[in-house]
Amino acid sequence: MEARDHELKRDLAATLHARGELGPEYESALIESFLEKVEQRLDTTMDRRVRRHLAEQQVTAARDPRSARSPSAAGTASGFGERFGIVSLVLAVPLSAIGVANAGIEGLVVAWMGIVGVNAVHAARIGGLFRQRERREAREASDWQD
């Protein structure tokens, strides 16, 4: 990981040096190029983490099938919601930079309105699934009590 950090720092230094030589008229293109590298790195890191997490779930399910969560329960679990929030915040950085580079403060506002909107819809959906699951579990429990 440290080698990749060094590579990213070197790319940033090269971008800043190129901006100094080329001037502000190339600033947007240089920023976009650097952000693409950052986005690729984030994608690679997230892919690796997702694969590792899925492998861990498969190992857990293979060892004890009773402990494996159903897909509906996994969607309401706090882990998925937390990961969604983290991913959206990580992606907010390049989206904000792209918005500012292309449209100034208005671009930043639009980017963040989109990020907030996606998170609000996700939270409402997860909350609705959680309430449905609670009602179903309560109904099943009452069936056993009768």
# chains A, B, ... in the order shown; residues from 1 in each chain; ligands from 1

$ residues_around --residues "stretch 99-113 of chain A" --least-positions-apart "5" --cutoff "10 Å" --atoms "only C-alpha atoms" --output "VMD selection string"
chain A and resid 27 to 29 31 to 32 92 to 94 118 to 119

$ closest_residue --among "A:Val90, A:Arg125, A:Arg52, A:Pro24" --to "A:Glu39" --atoms "only C-alpha atoms"
A:Val90

$ atom_distance --atom1 "atom CA of A:Glu134" --atom2 "atom CA of A:Leu54"
25.8 Å
